[in-house]
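Trainee: Just dropping this structure here.
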Amino acid sequence: MSNERLERTGSVSAARRREVIDALRRGAVPESGLDLLATGLSRFEKALDADLDAAESGGSVFKAVRGEYGSGKTFFTRWLGERAKRRNFAVAEIQISETETPLHRLETVYRRLTERLTTSSFPPSALRPVVDAWFYTLEEDALAAGAAEEDLAGAVDRLLAARLSKVSDHAPAFATALRGYRTALTSGDEGTAAAVMAWLGGQPHVAASARRAAGVRGDLDHFGALGFLQGLLTVLRYSGHKGLLVVLDEVETLQRVRSDARDKALNALRQLIDEVHSGRFPGLYLLITGTPAFFEGPQGVQRLAPLAQRLATDFTTDPRFDNPRAVQVRLPGFTHTSLVDLGITIRDLYADGTDDPGRIRAVVNDSYVGELASAVSGALGGRVGVAPRLFLKKLVGDVLDRVDQFDDFDPRQHYALTMSAGEMSDIERNAAADNIDEIELDLP
């Protein structure tokens with residue numbers, strides 16, 4: 001095992017190892033521990049850390065990530081999210097879809113953001129803990145400034161107004177609702193407090209009585225969403241967080257919606273990019289992901305010339321010389337070599353959590369991992385870039401689990417690779433050979 005791989009897998013906690021292995025067994029991208037699996041991403045680290053530095057210092061950043069299906073876009077964004085959380089950023093990952101989260105309805109995007117908001121300390125939704133931490137900070141700051149206990153409420157209100165002054169110019173309802181939430185809390189009215197917090201998170205159909213108590217009206221709309229985002233960034237900053245990473249994943253789904261909705265969504269994306277670059281959202285790092293077809297095809301970015309200009313990036317050179325600082329970066333996807341390397345890393349991570357790691361490495365040796373990788377990618381029409389999810393699922397669930405549990409199990413003798421249509425995604429099914437009932441893994 002290489003020194004680099006040993007460093008990556010040798011000192012992992014049991015809980016972290018289990019979380020990663022369990023996700024791979026299900027065929028999912030782990031929610032955390034992705035630094036253990038990062039293969040070929042070191043070339044992006046310096047540029048991405050500089051982006052996080054910029055957001056942390058009060059700037060705002062936009063980045064686009066392109067890659068074919070299977071190239072690891074979701075992995076990349078969650079890996080970046082982990083790096084951001086280690087720097088005390090809040091993170092929200094949003095799946096763009098026509099029915100659940102249409103991009104042209106920014107009030108829905110904001111609502112999903114608050115639902116998916118997470119920090120290093122709190123899982124989704126972290127909105128209420130963040131707001132509570134902010135009010136605690138306000139109280140501590142007021143006391144530190146000499147406020148007496150009997151005047152604490154008034155001092156906190158004055159600090160709140162001062163720190164939300166810029167936001168109040170664009171979204172006065174955000175500051176009003178925060179005051180209403182605090183009033184409900186201090187009076188012991190948990191029902192109203194919870195309802196007002198839901199309204200602050202962009203939830204529709206909040207009880208009229210709660211809105212009246214907080215002094216706000218109606219539901220959040222498209223135009224108010226950007227103001228609420230400003231308010232959220234302010235609250236995050238003053239509750240001790242360095243910034244907010246927002247990931248808009250699978251933006252390529254816009255290509256499949258009605259033309260009028262697509263045009264509205266593309267224009268909303270252009271608007272978001274311009275707002276980020278205008279400095280309206282200090283501390284925001286906005287990242288989108290999409291396929292090359294979305295960025296280059298007639299039904300995607302190229303449909304709106306101003307958006308295409310903002311995202312234009314030269315990819316005509318050798319990928320080795322891609323600029324990680326560019327507004328758009330591409331993921332090259334997996335090669336056979338990098339797929340095998342990832343498989344060996346997972347094998348070692350798995351082995352280190354067993355009673356007999358030497359036996360796991362001997363039975364599932366590097367040669368076998370390579371042959372399994374070839375078999376899975378071969379069953380998918382040779383498209384190595386599509387293979388990682390199924391390859392790791394088979395490696396963990398069909399091979400490593402059995403070797404660990406059964407002393408006499410030898411995958412070369414007792415295992416034949418099978419891949420059914422039911423366990424495949426649409427992309428994987430399209431790549432698969434005609435006969436996917438059973439693919440024999442011919443290993444000596």
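Chain identifiers are assigned as A, B, and so on, following the order in which chains appear in the structure tokens; residues are numbered from 1 within each chain, and ligands are numbered from 1 in order of appearance.
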What's the 9 Å shell around Arg310 in chain A, counting only C-alpha atoms, without same-chain residues fewer than 6 positions away, as an MDAnalysis selection string?
Mentor: chainID A and resid 270 273:274 327
Trainee: So which residues of range 248-412 of chain A fall under strand (DSSP E) by DSSP, listed as a list in words?
Mentor: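 Taking range 248-412 of chain A and keeping strand (DSSP E) gives Leu248, Asp249, Leu284, Tyr285, Leu286, Leu287, Ile288, Thr289, Gly290, Gln328, Val329 and Arg330 of chain A.
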Trainee: Taking N, CA and C atoms for each residue, export the selection above as a JSON list (two decimals), in the first residue's frame.
Mentor:
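Below is the file that was written, part.json:
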```
[["chain", "number", "residue", "atom", "x", "y", "z"],
["A", 248, "LEU", "N", -25.85, 24.39, -6.68],
["A", 248, "LEU", "CA", -27.01, 24.10, -7.52],
["A", 248, "LEU", "C", -26.61, 22.94, -8.43],
["A", 249, "ASP", "N", -27.06, 21.75, -8.06],
["A", 249, "ASP", "CA", -26.63, 20.54, -8.74],
["A", 249, "ASP", "C", -27.61, 20.17, -9.84],
["A", 284, "LEU", "N", -20.81, 34.69, 0.03],
["A", 284, "LEU", "CA", -21.47, 33.63, -0.73],
["A", 284, "LEU", "C", -20.52, 33.02, -1.76],
["A", 285, "TYR", "N", -20.49, 31.70, -1.79],
["A", 285, "TYR", "CA", -19.79, 30.95, -2.84],
["A", 285, "TYR", "C", -20.86, 30.13, -3.55],
["A", 286, "LEU", "N", -21.23, 30.54, -4.75],
["A", 286, "LEU", "CA", -22.27, 29.87, -5.52],
["A", 286, "LEU", "C", -21.63, 28.98, -6.58],
["A", 287, "LEU", "N", -21.97, 27.71, -6.57],
["A", 287, "LEU", "CA", -21.39, 26.75, -7.51],
["A", 287, "LEU", "C", -22.51, 25.99, -8.20],
["A", 288, "ILE", "N", -22.41, 25.86, -9.52],
["A", 288, "ILE", "CA", -23.39, 25.07, -10.27],
["A", 288, "ILE", "C", -22.67, 23.91, -10.95],
["A", 289, "THR", "N", -23.41, 22.84, -11.22],
["A", 289, "THR", "CA", -22.86, 21.72, -11.97],
["A", 289, "THR", "C", -23.74, 21.44, -13.18],
["A", 290, "GLY", "N", -23.10, 20.96, -14.25],
["A", 290, "GLY", "CA", -23.85, 20.61, -15.45],
["A", 290, "GLY", "C", -23.00, 19.78, -16.39],
["A", 328, "GLN", "N", -15.31, 28.46, -15.20],
["A", 328, "GLN", "CA", -15.83, 27.12, -15.45],
["A", 328, "GLN", "C", -14.67, 26.13, -15.46],
["A", 329, "VAL", "N", -14.81, 25.04, -14.74],
["A", 329, "VAL", "CA", -13.79, 24.00, -14.73],
["A", 329, "VAL", "C", -14.44, 22.69, -15.16],
["A", 330, "ARG", "N", -13.61, 21.81, -15.73],
["A", 330, "ARG", "CA", -14.16, 20.52, -16.17],
["A", 330, "ARG", "C", -13.51, 19.38, -15.39]]
```
Trainee: Under the rule that only C-alpha atoms are counted, which of A:Arg211, A:Arg325, A:Lys393, A:Arg303 is the nearest residue to Val65 in chain A?
Mentor: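 Among the listed residues, A:Arg325 lies closest to Val65 in chain A.
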Trainee: Would you give me, as an NGL selection string, the residues in range 252-360 of chain A that DSSP reads as helix (DSSP H, G or I)?
Mentor: :A and (252-256 or 259-278 or 292-296 or 301-303 or 305-311 or 319-321 or 336-351 or 357-360)
Trainee: Identify which of the residues A:Leu400, A:Leu311, A:Leu229, A:Val376 lies closest to Asp348 in chain A, counting only C-alpha atoms when measuring atom-to-atom distances.
Mentor: A:Leu400
Trainee: Do you know which residues are at most 9 Å from range 73-86 of chain A counting only C-alpha atoms, after dropping those on the same chain fewer than 5 positions away, and could you put them as number ranges by chain?
Mentor: A: 29-35, 38, 41, 45, 48-49, 52, 65-68, 91-93, 118-120, 243-247, 249-250, 287-290, 331
Trainee: So what do you get for CA of Ala47 in chain A versus CA of Pro319 in chain A, distance-wise?
Mentor: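 One can read the CA of Ala47 in chain A to CA of Pro319 in chain A distance as 16.0 Å.
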